[in-house]
Amino acid sequence: HKPWYLEECSSTLASTYSSGTPGHDRSVATVDMDGRLRPDYICTVEHTGTSASAPLAAGIAALALEANPEITWRDMQYLVVLTSRAGPLEKEDGWALNGVKRKGESRAFGLSHKFGYGLMDAGAMVSLAEQWTNIPPQHICKSQEITEERSD
């Protein structure tokens, strides 16, 4: 489900697990920040929000880079889009096709302003990264600049 803190935005590329609605959805389990503070309780099952999901995304990206160290930041974007899965999120509304009719992984759902192309899939991303051929360098088009003095 959509987390309570989510800001819907077209710039969302993909999602990872975090927490959803408090009391309804589970949170991420992890080692707590400092076991010396509470030696009898060094794990937490209450890790939530972007503090929980961003490290998961970074870890998935790190696994893809370990599988293929030649991957660039642009390649990584392709890997994320091509391997993210919308299926687990299909009950949420707001899925639509984008301008290039991108559906992705056999999904009729397309793209969401809540979840991007869906949940990142570490296994699929690593598998694709292992056989990935880098995309060409970014082509930057620039028009001639026209500078005029204006009297206002």
# chains A, B, ... in the order shown; residues from 1 in each chain; ligands from 1

$ residues_around --residues "Lys114 in chain A" --least-positions-apart "5" --cutoff "10 Å" --atoms "only C-alpha atoms" --output "number ranges by chain"
A: 1-3, 6-15, 89, 92-95

$ write_last_selection --atoms "N, CA, C and O atoms" --output "short mmCIF file (atom, residue, chain, number, x, y, z; two decimals), in the first residue's frame"
data_model
loop_
_atom_site.label_atom_id
_atom_site.label_comp_id
_atom_site.auth_asym_id
_atom_site.auth_seq_id
_atom_site.Cartn_x
_atom_site.Cartn_y
_atom_site.Cartn_z
N HIS A 1 0.83 -1.20 0.00
CA HIS A 1 0.00 0.00 0.00
C HIS A 1 0.87 1.25 0.00
O HIS A 1 2.01 1.23 0.43
N LYS A 2 0.29 2.32 -0.41
CA LYS A 2 0.96 3.62 -0.41
C LYS A 2 1.26 4.03 1.04
O LYS A 2 0.38 3.99 1.89
N PRO A 3 2.51 4.40 1.33
CA PRO A 3 2.83 4.86 2.69
C PRO A 3 2.18 6.21 2.99
O PRO A 3 1.94 7.01 2.09
N LEU A 6 4.02 9.39 1.69
CA LEU A 6 4.36 9.46 0.27
C LEU A 6 3.87 10.74 -0.38
O LEU A 6 2.74 11.17 -0.16
N GLU A 7 4.74 11.36 -1.15
CA GLU A 7 4.36 12.49 -1.99
C GLU A 7 4.36 12.01 -3.42
O GLU A 7 5.40 11.64 -3.95
N GLU A 8 3.21 11.97 -4.05
CA GLU A 8 3.12 11.49 -5.42
C GLU A 8 3.87 12.45 -6.34
O GLU A 8 3.71 13.66 -6.24
N CYS A 9 4.69 11.88 -7.22
CA CYS A 9 5.55 12.71 -8.06
C CYS A 9 5.97 11.95 -9.31
O CYS A 9 6.30 10.77 -9.24
N SER A 10 5.99 12.64 -10.42
CA SER A 10 6.38 12.00 -11.69
C SER A 10 7.86 11.65 -11.72
O SER A 10 8.29 10.89 -12.58
N SER A 11 8.66 12.17 -10.80
CA SER A 11 10.09 11.87 -10.82
C SER A 11 10.42 10.55 -10.13
O SER A 11 11.57 10.12 -10.17
N THR A 12 9.45 9.88 -9.52
CA THR A 12 9.71 8.60 -8.86
C THR A 12 10.00 7.54 -9.91
O THR A 12 9.16 7.25 -10.77
N LEU A 13 11.19 6.95 -9.86
CA LEU A 13 11.59 5.96 -10.85
C LEU A 13 11.15 4.56 -10.44
O LEU A 13 10.67 3.78 -11.25
N ALA A 14 11.30 4.22 -9.17
CA ALA A 14 10.92 2.90 -8.67
C ALA A 14 10.80 2.99 -7.15
O ALA A 14 11.06 4.03 -6.56
N SER A 15 10.42 1.90 -6.54
CA SER A 15 10.19 1.87 -5.10
C SER A 15 10.86 0.66 -4.47
O SER A 15 11.20 -0.30 -5.15
N LEU A 89 2.00 -4.24 -6.49
CA LEU A 89 1.36 -2.96 -6.16
C LEU A 89 0.09 -2.72 -6.99
O LEU A 89 -0.46 -1.63 -6.97
N GLU A 92 -3.21 -0.75 -5.96
CA GLU A 92 -3.22 0.71 -5.82
C GLU A 92 -3.63 1.34 -7.15
O GLU A 92 -3.25 0.87 -8.22
N ASP A 93 -4.41 2.40 -7.09
CA ASP A 93 -4.84 3.07 -8.31
C ASP A 93 -3.74 4.01 -8.82
O ASP A 93 -2.75 4.23 -8.15
N GLY A 94 -3.93 4.53 -10.00
CA GLY A 94 -3.01 5.53 -10.54
C GLY A 94 -2.02 5.01 -11.56
O GLY A 94 -1.13 5.74 -11.97
N TRP A 95 -2.12 3.75 -11.98
CA TRP A 95 -1.20 3.21 -12.99
C TRP A 95 -1.62 3.67 -14.37
O TRP A 95 -2.80 3.64 -14.71
#

$ select_by_dssp --residues "chain A" --states "helix (DSSP H, G or I)" --output "count of residues only"
41

$ residues_around --residues "range 62-75 of chain A" --least-positions-apart "2" --cutoff "12 Å" --atoms "only C-alpha atoms" --output "MDAnalysis selection string"
chainID A and resid 55:60 77:83 120:139

$ atom_distance --atom1 "CA of Asn98 in chain A" --atom2 "CA of Phe115 in chain A"
13.5 Å

$ closest_residue --among "A:Tyr5, A:Thr16, A:His113, A:Leu119" --to "Pro88 in chain A" --atoms "only C-alpha atoms"
A:Leu119

$ residues_around --residues "Gly23 in chain A" --least-positions-apart "3" --cutoff "12 Å" --atoms "only C-alpha atoms" --output "list of chain:residue names"
A:Pro3, A:Trp4, A:Ser19, A:Gly20, A:Arg26, A:Ser27, A:Glu46

$ atom_distance --atom1 "CA of Gly118 in chain A" --atom2 "CA of Asp25 in chain A"
17.7 Å

$ atom_distance --atom1 "CA of Gly49 in chain A" --atom2 "CA of Ala29 in chain A"
12.2 Å
